[in-house]
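Below: one structure, written as structure tokens.
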Amino acid sequence: MSAPPVLTFDSIPTEEGLSLDLVLDPAWAGTVFAGTDFEAAGPGEAALRLDVDGRDVTLSGNFALPATAECVACLERFPLRLAGEFTLVLEPAEKARGRQAAKGPGSEVELTRDELDTDVYSDGKIDLAHWLREQILLEAPVHPRHEGECPRPLVAPDAKASGGHLSDRLVEASKVDPRLAPLLSFVTKNPKKE
């Protein structure tokens, strides 16, 4: 497994900055998606740029990574491409701690607009894997779904329009996901007649 590298601040040329083109290993991407319903579907790519301003580093770039996810409408896995562009300003952790200490202990923390867009790096090391992981997960949809109309929704889009009882449309065994079968007992009960 080859993760994106950890760079030292001193390895970034002060005047010209540093550009990197990375191949995102599917095994590393698998660790990015640990604990989620997403899976890596092949190698990805990232183009990164690091520029130095004093002790601050501007990390910008873009990435693309093929993945698969479970559709919320039909519960089948489908391919999707996670891609995005980002710009982060990273400052040394010591600088952030010094700013907080200057405000005084127990004081209420009020962040300025510039501080909201800033994060920190520690011990002079910039872990590109950490920042890429964060950006990839930010691009992952909360409710993944096939683009356009889902090919096999669990409930037909015309369910309300067809007029039949919901259980009539769900009972077709070939179309009921086995994970949802226990729920059929709730919809197949006869409604109370008034």
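Identifiers in the structure tokens: chain A, B, ... in order shown; residue index from 1 per chain; ligand index from 1 in order shown.
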
Shell of 12 Å around Leu59 of chain A, only C-alpha atoms, local chain residues under 5 positions omitted, as a ChimeraX atom specification: /A:7,9,12,17-20,47-53,85-91,117-121,126-128,131-132,135

Residue set, segment 5-101 of chain A restricted to strand (DSSP E or B), as JSON, numbers by chain: {"A": [6, 7, 8, 18, 19, 20, 21, 22, 23, 24, 39, 40, 44, 45, 46, 47, 48, 49, 50, 51, 52, 53, 56, 57, 58, 59, 60, 61, 62, 63, 64, 65, 66, 67, 68, 69, 70, 77, 78, 79, 80, 81, 82, 83, 84, 85, 86, 87, 88, 89, 90, 91, 92]}

Write the residues you've just listed into a file as a compact mmCIF listing (two decimals), in the first residue's frame, and include N, CA and C atoms for each of them.
```
# COMPACT_ATOMS: atom_id res chain seq x y z
N VAL A 6 4.53 12.10 3.25
CA VAL A 6 4.63 13.13 4.28
C VAL A 6 5.83 13.98 3.91
N LEU A 7 5.61 15.28 3.73
CA LEU A 7 6.69 16.19 3.34
C LEU A 7 7.13 17.00 4.55
N THR A 8 8.38 17.39 4.53
CA THR A 8 8.86 18.31 5.56
C THR A 8 8.75 19.72 5.00
N LEU A 18 6.22 23.78 -4.87
CA LEU A 18 6.38 22.37 -5.24
C LEU A 18 5.09 21.85 -5.86
N SER A 19 5.21 21.21 -7.01
CA SER A 19 4.06 20.58 -7.67
C SER A 19 4.26 19.07 -7.66
N LEU A 20 3.19 18.35 -7.37
CA LEU A 20 3.24 16.89 -7.31
C LEU A 20 2.08 16.29 -8.08
N ASP A 21 2.36 15.28 -8.86
CA ASP A 21 1.32 14.47 -9.49
C ASP A 21 1.39 13.09 -8.84
N LEU A 22 0.30 12.70 -8.19
CA LEU A 22 0.29 11.45 -7.44
C LEU A 22 -0.70 10.46 -8.02
N VAL A 23 -0.36 9.18 -7.95
CA VAL A 23 -1.30 8.11 -8.24
C VAL A 23 -1.81 7.62 -6.88
N LEU A 24 -3.13 7.62 -6.72
CA LEU A 24 -3.73 7.20 -5.45
C LEU A 24 -3.98 5.69 -5.50
N GLU A 39 -16.34 1.94 -1.46
CA GLU A 39 -15.18 1.09 -1.72
C GLU A 39 -14.43 1.67 -2.90
N ALA A 40 -13.11 1.58 -2.85
CA ALA A 40 -12.29 2.04 -3.97
C ALA A 40 -12.48 1.09 -5.13
N GLY A 44 -6.63 6.17 -8.27
CA GLY A 44 -7.06 7.55 -8.52
C GLY A 44 -5.85 8.40 -8.83
N GLU A 45 -6.08 9.69 -8.93
CA GLU A 45 -4.98 10.60 -9.22
C GLU A 45 -5.21 11.91 -8.49
N ALA A 46 -4.10 12.59 -8.21
CA ALA A 46 -4.17 13.89 -7.55
C ALA A 46 -3.05 14.76 -8.09
N ALA A 47 -3.36 16.02 -8.33
CA ALA A 47 -2.36 17.02 -8.73
C ALA A 47 -2.34 18.07 -7.62
N LEU A 48 -1.20 18.18 -6.94
CA LEU A 48 -1.10 19.07 -5.78
C LEU A 48 -0.04 20.14 -6.00
N ARG A 49 -0.27 21.27 -5.34
CA ARG A 49 0.68 22.38 -5.38
C ARG A 49 0.87 22.89 -3.96
N LEU A 50 2.12 23.05 -3.53
CA LEU A 50 2.42 23.59 -2.21
C LEU A 50 3.24 24.87 -2.39
N ASP A 51 2.79 25.97 -1.79
CA ASP A 51 3.49 27.24 -1.83
C ASP A 51 3.73 27.72 -0.41
N VAL A 52 4.89 28.34 -0.21
CA VAL A 52 5.30 28.80 1.12
C VAL A 52 5.14 30.31 1.24
N ASP A 53 4.60 30.73 2.39
CA ASP A 53 4.50 32.16 2.72
C ASP A 53 4.92 32.29 4.18
N ASP A 56 3.83 29.57 6.75
CA ASP A 56 2.54 29.02 6.30
C ASP A 56 2.71 28.33 4.96
N VAL A 57 1.88 27.32 4.71
CA VAL A 57 1.91 26.59 3.45
C VAL A 57 0.50 26.60 2.85
N THR A 58 0.41 26.98 1.59
CA THR A 58 -0.86 26.87 0.88
C THR A 58 -0.83 25.57 0.08
N LEU A 59 -1.75 24.69 0.40
CA LEU A 59 -1.87 23.41 -0.29
C LEU A 59 -3.11 23.47 -1.16
N SER A 60 -2.93 23.37 -2.46
CA SER A 60 -4.07 23.41 -3.38
C SER A 60 -3.94 22.27 -4.36
N GLY A 61 -5.04 21.94 -5.00
CA GLY A 61 -4.98 20.88 -5.99
C GLY A 61 -6.33 20.30 -6.31
N ASN A 62 -6.30 19.18 -6.99
CA ASN A 62 -7.53 18.47 -7.34
C ASN A 62 -7.24 16.98 -7.31
N PHE A 63 -8.31 16.21 -7.27
CA PHE A 63 -8.17 14.75 -7.22
C PHE A 63 -9.36 14.13 -7.93
N ALA A 64 -9.19 12.89 -8.33
CA ALA A 64 -10.28 12.07 -8.89
C ALA A 64 -10.02 10.64 -8.45
N LEU A 65 -11.09 9.98 -8.00
CA LEU A 65 -10.94 8.62 -7.49
C LEU A 65 -12.20 7.82 -7.83
N PRO A 66 -12.05 6.70 -8.56
CA PRO A 66 -13.22 5.86 -8.83
C PRO A 66 -13.60 5.06 -7.58
N ALA A 67 -14.89 4.94 -7.35
CA ALA A 67 -15.37 4.22 -6.17
C ALA A 67 -16.68 3.54 -6.49
N THR A 68 -17.17 2.75 -5.56
CA THR A 68 -18.51 2.19 -5.65
C THR A 68 -19.22 2.50 -4.34
N ALA A 69 -20.54 2.58 -4.42
CA ALA A 69 -21.36 2.85 -3.24
C ALA A 69 -22.67 2.11 -3.38
N GLU A 70 -23.40 2.00 -2.28
CA GLU A 70 -24.71 1.36 -2.30
C GLU A 70 -25.77 2.44 -2.53
N ARG A 77 -25.02 -1.87 -5.50
CA ARG A 77 -23.78 -1.11 -5.65
C ARG A 77 -23.71 -0.53 -7.05
N PHE A 78 -23.17 0.67 -7.15
CA PHE A 78 -23.01 1.31 -8.45
C PHE A 78 -21.71 2.10 -8.45
N PRO A 79 -21.12 2.31 -9.63
CA PRO A 79 -19.85 3.05 -9.70
C PRO A 79 -20.11 4.56 -9.66
N LEU A 80 -19.18 5.28 -9.05
CA LEU A 80 -19.22 6.73 -9.09
C LEU A 80 -17.81 7.25 -9.04
N ARG A 81 -17.64 8.49 -9.41
CA ARG A 81 -16.32 9.12 -9.44
C ARG A 81 -16.33 10.26 -8.44
N LEU A 82 -15.47 10.19 -7.46
CA LEU A 82 -15.33 11.26 -6.48
C LEU A 82 -14.21 12.17 -6.97
N ALA A 83 -14.52 13.44 -7.14
CA ALA A 83 -13.54 14.40 -7.65
C ALA A 83 -13.80 15.75 -7.02
N GLY A 84 -12.75 16.53 -6.89
CA GLY A 84 -12.91 17.86 -6.32
C GLY A 84 -11.64 18.67 -6.41
N GLU A 85 -11.79 19.97 -6.18
CA GLU A 85 -10.67 20.90 -6.09
C GLU A 85 -10.69 21.51 -4.70
N PHE A 86 -9.53 21.87 -4.20
CA PHE A 86 -9.48 22.44 -2.85
C PHE A 86 -8.27 23.35 -2.71
N THR A 87 -8.34 24.23 -1.72
CA THR A 87 -7.23 25.08 -1.31
C THR A 87 -7.26 25.16 0.21
N LEU A 88 -6.14 24.83 0.84
CA LEU A 88 -6.02 24.87 2.30
C LEU A 88 -4.81 25.72 2.68
N VAL A 89 -4.95 26.49 3.73
CA VAL A 89 -3.82 27.22 4.29
C VAL A 89 -3.44 26.50 5.58
N LEU A 90 -2.18 26.06 5.64
CA LEU A 90 -1.69 25.33 6.80
C LEU A 90 -0.65 26.18 7.51
N GLU A 91 -0.79 26.32 8.81
CA GLU A 91 0.19 27.06 9.58
C GLU A 91 0.78 26.14 10.64
N PRO A 92 1.97 26.49 11.14
CA PRO A 92 2.57 25.65 12.18
C PRO A 92 1.68 25.62 13.43
```

Residue nearest Ala34 of chain A among A:Glu147, A:Leu137, A:Pro153, A:Arg179 (counting only C-alpha atoms):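 So, comparing all the options, the nearest one is A:Leu137.
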
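Among the candidates A:Arg133, A:Ser122, A:Phe38, A:Cys71, the residue lying nearest to Pro4 of chain A is A:Arg133 (atoms considered: only C-alpha atoms).
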
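Between atom CA of His130 of chain A and atom CA of Val32 of chain A the separation is 9.2 Å.
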